[in-house]
>>> print(open('work.tsv').read())   # TSV, C-alpha atoms
chain	number	residue	atom	x	y	z
A	1	LEU	CA	3.32	35.81	-27.66
A	2	VAL	CA	2.40	33.04	-25.28
A	3	SER	CA	5.45	31.01	-26.25
A	4	SER	CA	7.71	34.01	-25.74
A	5	LEU	CA	6.14	34.68	-22.35
A	6	GLU	CA	6.61	31.04	-21.31
A	7	ARG	CA	10.30	31.10	-22.28
A	8	LEU	CA	10.81	34.38	-20.43
A	9	LEU	CA	9.17	33.07	-17.25
A	10	GLU	CA	11.18	29.87	-17.51
A	11	ARG	CA	14.47	31.76	-17.87
A	12	GLN	CA	13.61	33.86	-14.83
A	13	GLU	CA	12.51	30.71	-12.95
A	14	ARG	CA	9.15	32.26	-12.12
A	15	TRP	CA	7.52	28.89	-11.83
A	16	SER	CA	4.30	29.97	-10.10
A	17	ASP	CA	3.68	32.57	-12.81
A	18	LEU	CA	4.44	29.97	-15.46
A	19	VAL	CA	1.90	27.58	-13.94
A	20	ASP	CA	-0.69	30.39	-13.89
A	21	CYS	CA	0.07	31.07	-17.54
A	22	TRP	CA	-0.43	27.43	-18.44
A	23	LYS	CA	-3.69	27.25	-16.50
A	24	SER	CA	-5.04	30.34	-18.23
A	25	ARG	CA	-4.61	28.64	-21.61
A	26	ILE	CA	-6.51	25.46	-20.77
A	27	PRO	CA	-10.03	26.74	-21.59
A	28	SER	CA	-8.98	27.55	-25.16
A	29	MET	CA	-7.32	24.19	-25.78
A	30	SER	CA	-8.64	20.99	-27.25
A	31	SER	CA	-9.47	18.20	-24.83
A	32	GLU	CA	-6.29	16.28	-25.63
A	33	GLN	CA	-4.11	19.38	-25.30
A	34	ALA	CA	-5.76	20.32	-21.99
A	35	LEU	CA	-5.08	16.88	-20.54
A	36	ALA	CA	-1.42	17.06	-21.54
A	37	GLN	CA	-1.18	20.58	-20.14
A	38	ARG	CA	-2.52	19.51	-16.76
A	39	LEU	CA	0.11	16.77	-16.54
A	40	THR	CA	2.79	19.31	-17.45
A	41	ILE	CA	1.51	21.55	-14.64
A	42	ALA	CA	1.57	18.59	-12.23
A	43	ALA	CA	5.17	17.81	-13.18
A	44	CYS	CA	6.16	21.45	-12.64
A	45	GLU	CA	4.46	21.48	-9.25
A	46	LEU	CA	6.59	18.48	-8.27
A	47	ASP	CA	9.89	19.41	-9.90
A	48	ARG	CA	9.95	23.15	-9.30
A	49	LEU	CA	7.48	24.07	-6.59
A	50	GLU	CA	7.55	20.91	-4.45
A	51	GLY	CA	3.81	20.90	-4.23
A	52	PRO	CA	2.58	17.28	-4.31
A	53	GLU	CA	-0.94	18.26	-3.23
A	54	LYS	CA	-1.38	20.76	-6.06
A	55	ALA	CA	0.15	18.28	-8.47
A	56	LEU	CA	-2.36	15.64	-7.38
A	57	GLU	CA	-5.23	18.08	-7.87
A	58	GLN	CA	-4.22	18.49	-11.52
A	59	ILE	CA	-3.84	14.74	-12.01
A	60	GLU	CA	-7.27	14.07	-10.50
A	61	LEU	CA	-8.78	16.38	-13.15
A	62	VAL	CA	-7.22	14.11	-15.76
A	63	LEU	CA	-8.17	10.72	-14.30
A	64	GLY	CA	-11.17	9.15	-15.93
A	65	GLU	CA	-10.84	11.32	-19.02
A	66	PRO	CA	-10.24	9.38	-22.25
A	67	GLY	CA	-7.08	10.17	-24.14
A	68	HIS	CA	-4.79	11.08	-21.26
A	69	ASP	CA	-1.22	9.78	-21.12
A	70	GLU	CA	-1.50	6.70	-18.89
A	71	ALA	CA	2.23	6.13	-18.50
A	72	ARG	CA	2.96	9.72	-17.50
A	73	THR	CA	-0.01	9.82	-15.15
A	74	ILE	CA	1.17	6.66	-13.38
A	75	GLU	CA	4.72	7.99	-13.16
A	76	LEU	CA	3.52	11.19	-11.47
A	77	LEU	CA	1.24	9.29	-9.09
A	78	GLU	CA	4.11	6.99	-8.13
A	79	ARG	CA	6.25	10.02	-7.31
A	80	ILE	CA	3.55	11.57	-5.16
A	81	ALA	CA	2.88	8.29	-3.35
A	82	GLY	CA	6.56	8.03	-2.46
A	83	TRP	CA	6.96	11.70	-1.49
A	84	GLU	CA	7.75	11.40	2.21
A	85	GLU	CA	7.19	15.11	2.91
A	86	ALA	CA	3.67	15.00	1.46
A	87	SER	CA	0.72	14.68	3.81
A	88	THR	CA	-0.62	11.22	4.58
A	89	ASP	CA	-3.93	12.10	2.90
A	90	VAL	CA	-2.22	13.10	-0.36
A	91	ARG	CA	-0.06	9.97	-0.45
A	92	ARG	CA	-3.01	7.71	0.29
A	93	ARG	CA	-5.09	9.33	-2.45
A	94	ALA	CA	-2.24	8.76	-4.89
A	95	LEU	CA	-2.00	5.10	-3.80
A	96	ASP	CA	-5.76	4.64	-4.25
A	97	HIS	CA	-5.54	5.97	-7.81
A	98	LEU	CA	-2.53	3.75	-8.55
A	99	LYS	CA	-4.32	0.70	-7.21
A	100	LYS	CA	-7.24	1.33	-9.53
A	101	LYS	CA	-4.95	1.92	-12.50
A	102	TYR	CA	-3.03	-1.29	-11.89
A	103	SER	CA	-6.18	-3.30	-11.15
A	104	ASP	CA	-7.77	-2.14	-14.40
A	105	ALA	CA	-4.61	-3.16	-16.26
A	106	ASN	CA	-4.48	-6.54	-14.42
A	107	ARG	CA	-1.00	-5.71	-13.12
A	108	ARG	CA	-1.36	-7.91	-10.05
A	109	GLU	CA	2.20	-7.62	-8.78
A	110	ASP	CA	1.94	-3.83	-8.84
A	111	VAL	CA	-1.39	-3.96	-6.99
A	112	VAL	CA	0.26	-6.00	-4.22
A	113	ARG	CA	3.13	-3.51	-4.04
A	114	ILE	CA	0.71	-0.59	-3.73
A	115	VAL	CA	-1.38	-2.26	-1.02
A	116	GLU	CA	1.81	-3.02	0.93
A	117	ALA	CA	2.82	0.65	0.60
A	118	ALA	CA	-0.61	1.65	1.92
A	119	LEU	CA	0.09	-0.40	5.05
A	120	ASN	CA	2.83	2.06	6.01
A	121	LEU	CA	0.27	4.89	6.00
A	122	ALA	CA	-2.68	3.02	7.49
A	123	SER	CA	-4.25	3.67	10.86
A	124	ASP	CA	-4.45	0.85	13.41
A	125	GLY	CA	-8.07	0.21	12.47
A	126	GLU	CA	-7.20	-0.18	8.78
A	127	ARG	CA	-4.23	-2.50	9.06
A	128	ALA	CA	-6.16	-5.75	9.51
A	129	ALA	CA	-8.14	-5.30	6.30
A	130	LEU	CA	-4.99	-4.44	4.34
A	131	HIS	CA	-3.06	-7.44	5.70
A	132	ARG	CA	-6.01	-9.66	4.75
A	133	GLU	CA	-6.17	-8.21	1.24
A	134	VAL	CA	-2.47	-8.39	0.48
A	135	GLY	CA	-2.21	-11.85	2.00
A	136	GLN	CA	-5.01	-13.15	-0.23
A	137	ARG	CA	-3.46	-11.52	-3.29
A	138	MET	CA	-0.09	-13.10	-2.51
A	139	VAL	CA	-1.68	-16.53	-2.22
A	140	THR	CA	-3.09	-16.01	-5.72
A	141	LEU	CA	0.40	-15.11	-6.92
A	142	GLU	CA	1.80	-18.17	-5.10
A	143	ARG	CA	4.04	-16.00	-2.93
A	144	HIS	CA	3.24	-18.22	0.02
A	145	GLU	CA	6.01	-17.25	2.45
A	146	GLU	CA	5.13	-13.56	2.16
A	147	ALA	CA	1.42	-14.33	2.39
A	148	MET	CA	2.07	-16.22	5.61
A	149	ALA	CA	3.77	-13.18	7.14
A	150	HIS	CA	0.73	-11.03	6.40
A	151	PHE	CA	-1.72	-13.55	7.82
A	152	ALA	CA	0.47	-13.82	10.92
A	153	SER	CA	0.22	-10.03	11.31
A	154	LEU	CA	-3.53	-10.24	10.76
A	155	LEU	CA	-3.93	-12.93	13.43
A	156	ARG	CA	-1.94	-10.80	15.87
A	157	LEU	CA	-4.31	-7.90	15.23
A	158	GLU	CA	-7.41	-10.12	15.25
A	159	PRO	CA	-6.67	-13.27	17.30
A	160	THR	CA	-10.23	-14.52	16.83
A	161	ALA	CA	-10.09	-14.27	13.01
A	162	VAL	CA	-10.88	-17.82	11.91
A	163	ASP	CA	-9.97	-17.14	8.28
A	164	ALA	CA	-6.50	-15.88	9.19
A	165	HIS	CA	-5.90	-18.88	11.45
A	166	GLN	CA	-6.97	-21.32	8.73
A	167	ARG	CA	-4.90	-19.57	6.07
A	168	LEU	CA	-1.85	-19.72	8.31
A	169	ARG	CA	-2.34	-23.42	8.90
A	170	ASP	CA	-2.73	-24.12	5.18
A	171	LEU	CA	0.29	-22.01	4.25
A	172	ALA	CA	2.44	-23.66	6.89
A	173	GLY	CA	1.55	-26.98	5.28
A	174	ARG	CA	2.48	-25.70	1.82
A	175	THR	CA	5.75	-24.07	2.84
A	176	GLY	CA	6.77	-26.46	5.60
A	177	ASP	CA	7.27	-23.49	7.91
A	178	SER	CA	5.88	-25.04	11.07
A	179	GLN	CA	8.28	-22.93	13.13
A	180	GLY	CA	6.79	-19.73	11.72
A	181	PHE	CA	3.28	-21.07	12.26
A	182	ALA	CA	3.95	-21.86	15.93
A	183	GLU	CA	5.55	-18.45	16.49
A	184	ALA	CA	2.57	-16.72	14.86
A	185	LEU	CA	0.17	-18.58	17.15
A	186	VAL	CA	2.17	-17.60	20.24
A	187	THR	CA	2.36	-13.95	19.19
A	188	ALA	CA	-1.39	-13.89	18.56
A	189	SER	CA	-2.11	-15.55	21.90
A	190	ASP	CA	0.00	-12.96	23.73
A	191	ALA	CA	-2.08	-10.21	22.10
A	192	CYS	CA	-5.43	-11.90	22.78
A	193	GLU	CA	-7.71	-10.77	25.59
A	194	GLN	CA	-10.17	-13.68	25.38
A	195	VAL	CA	-9.03	-16.52	27.62
A	196	GLU	CA	-10.57	-19.33	25.55
A	197	THR	CA	-8.96	-18.14	22.32
A	198	ARG	CA	-5.64	-17.50	24.06
A	199	VAL	CA	-5.59	-21.01	25.49
A	200	SER	CA	-6.62	-22.56	22.17
A	201	LEU	CA	-3.84	-20.75	20.27
A	202	ARG	CA	-1.20	-21.75	22.83
A	203	LEU	CA	-2.34	-25.37	22.83
A	204	GLU	CA	-2.06	-25.59	19.06
A	205	ALA	CA	1.36	-23.92	19.17
A	206	ALA	CA	2.45	-26.40	21.87
A	207	GLU	CA	1.19	-29.37	19.86
A	208	THR	CA	3.02	-28.08	16.77
A	209	ARG	CA	6.26	-27.73	18.74
A	210	ARG	CA	5.87	-31.18	20.29
A	211	SER	CA	4.66	-33.31	17.40
A	212	VAL	CA	6.04	-31.51	14.33
A	213	LEU	CA	9.14	-29.67	15.51
A	214	ASN	CA	10.17	-32.16	18.20
A	215	ASP	CA	10.73	-29.21	20.51
A	216	ALA	CA	9.85	-30.69	23.90
A	217	GLU	CA	11.22	-27.76	25.85
A	218	GLY	CA	9.28	-25.16	23.84
A	219	ALA	CA	6.11	-27.23	24.04
A	220	THR	CA	6.48	-27.67	27.80
A	221	SER	CA	6.83	-23.94	28.32
A	222	LEU	CA	3.59	-23.34	26.44
A	223	TYR	CA	1.75	-26.09	28.32
A	224	HIS	CA	2.81	-24.41	31.57
A	225	LYS	CA	1.29	-21.15	30.35
A	226	VAL	CA	-1.95	-22.93	29.51
A	227	LEU	CA	-2.06	-24.45	33.00
A	228	GLU	CA	-1.51	-21.02	34.53
A	229	GLU	CA	-4.72	-19.84	32.86
>>> encode(input="work.tsv", output="structure tokens")
Amino acid sequence: LVSSLERLLERQERWSDLVDCWKSRIPSMSSEQALAQRLTIAACELDRLEGPEKALEQIELVLGEPGHDEARTIELLERIAGWEEASTDVRRRALDHLKKKYSDANRREDVVRIVEAALNLASDGERAALHREVGQRMVTLERHEEAMAHFASLLRLEPTAVDAHQRLRDLAGRTGDSQGFAEALVTASDACEQVETRVSLRLEAAETRRSVLNDAEGATSLYHKVLEE
């Protein structure tokens, strides 16, 4: 009877009623069947009802339960995280779950990808911590050029961050990107409100342009700015 009802509802495209039917069966199912059913409901919410929030609610009832389909769960979470019409809260929750899944599985490249995606949804107050995290993870993966870009963004947000400054200097030495290092220092100095730090950043940028890049004109312009302070 249940199977006949499900087919009838499906033919009539009464998706909300079909979801209600599936939910009503969960209490009488085995644990493994119930987990699979919840993922089926989540998929229907996404494919037929365009309800990423309700889909995530079903997935969150599955997470942490032994025996659930890891691959399907991750696939659904990835879809929700990339659902541009979904609310920021829903997408961030999906990203948090994905990060844990990938961390537990030691899928480091995927963790970096998820943290970078979280940057697009982060508030101004959260961006510094995310740039720091993804930059450190990229250093571990030896993706030095990309790590340098994140530490440059971090230094712009936090010009007094000693760790970001040191990381940038080290990465510039590894990659040979002294031009990028000098530009990062200048950008950070322009965003800095503390005179001492601003002057220090510009002096180092000027020295880099003069002694490493042989850019006398660029160095002179920065020295002038220091004198103006």
>>> closest_residue(input="work.tsv", among="A:Ala36, A:Leu46, A:Val2, A:Ile74", to="A:Ser16", atoms="only C-alpha atoms")
A:Leu46
>>> atom_distance(input="work.tsv", atom1="atom CA of A:Lys225", atom2="atom CA of A:Phe151")
24.0 Å
>>> atom_distance(input="work.tsv", atom1="atom CA of A:Leu154", atom2="atom CA of A:His131")
5.8 Å
>>> residues_near_point(input="work.tsv", point="(-7.7, 1.9, -7.7)", cutoff="12 Å", atoms="all atoms listed in the file", output="ChimeraX atom specification")
/A:63-64,74,77,92-108,110-112,114-115,118
>>> closest_residue(input="work.tsv", among="A:Ala164, A:Ala172, A:Leu119, A:Cys192", to="A:His144", atoms="only C-alpha atoms")
A:Ala172
>>> atom_distance(input="work.tsv", atom1="atom CA of A:Ser3", atom2="atom CA of A:Glu65")
26.6 Å
>>> closest_residue(input="work.tsv", among="A:Ala128, A:Ile80, A:Val62, A:Leu9", to="A:Cys21", atoms="all atoms listed in the file")
A:Leu9
>>> closest_residue(input="work.tsv", among="A:Gly135, A:Gly125, A:Glu75, A:Glu109", to="A:Asp163", atoms="all atoms listed in the file")
A:Gly135
>>> closest_residue(input="work.tsv", among="A:Arg156, A:Glu116, A:Val226, A:Gly67", to="A:Arg137", atoms="all atoms listed in the file")
A:Glu116
>>> closest_residue(input="work.tsv", among="A:Leu171, A:Met29, A:Ala188, A:Leu130", to="A:Ala147", atoms="all atoms listed in the file")
A:Leu171
>>> residues_around(input="work.tsv", residues="A:Leu213", least_positions_apart="4", cutoff="8 Å", atoms="all atoms listed in the file", output="list in words")
Ser178, Gln179, Thr208 and Arg209 of chain A
>>> residues_around(input="work.tsv", residues="A:Leu201", least_positions_apart="4", cutoff="7 Å", atoms="all atoms listed in the file", output="MDAnalysis selection string")
chainID A and resid 185:186 189 197 205
>>> write_last_selection(input="work.tsv", atoms="C-alpha atoms", output="JSON list (two decimals), keeping the file's coordinate frame")
[["chain", "number", "residue", "atom", "x", "y", "z"],
["A", 185, "LEU", "CA", 0.17, -18.58, 17.15],
["A", 186, "VAL", "CA", 2.17, -17.60, 20.24],
["A", 189, "SER", "CA", -2.11, -15.55, 21.90],
["A", 197, "THR", "CA", -8.96, -18.14, 22.32],
["A", 205, "ALA", "CA", 1.36, -23.92, 19.17]]
>>> residues_around(input="work.tsv", residues="A:Gln33", least_positions_apart="4", cutoff="12 Å", atoms="only C-alpha atoms", output="PyMOL selection string")
chain A and resi 22-23+25-29+37-40+62+67-69
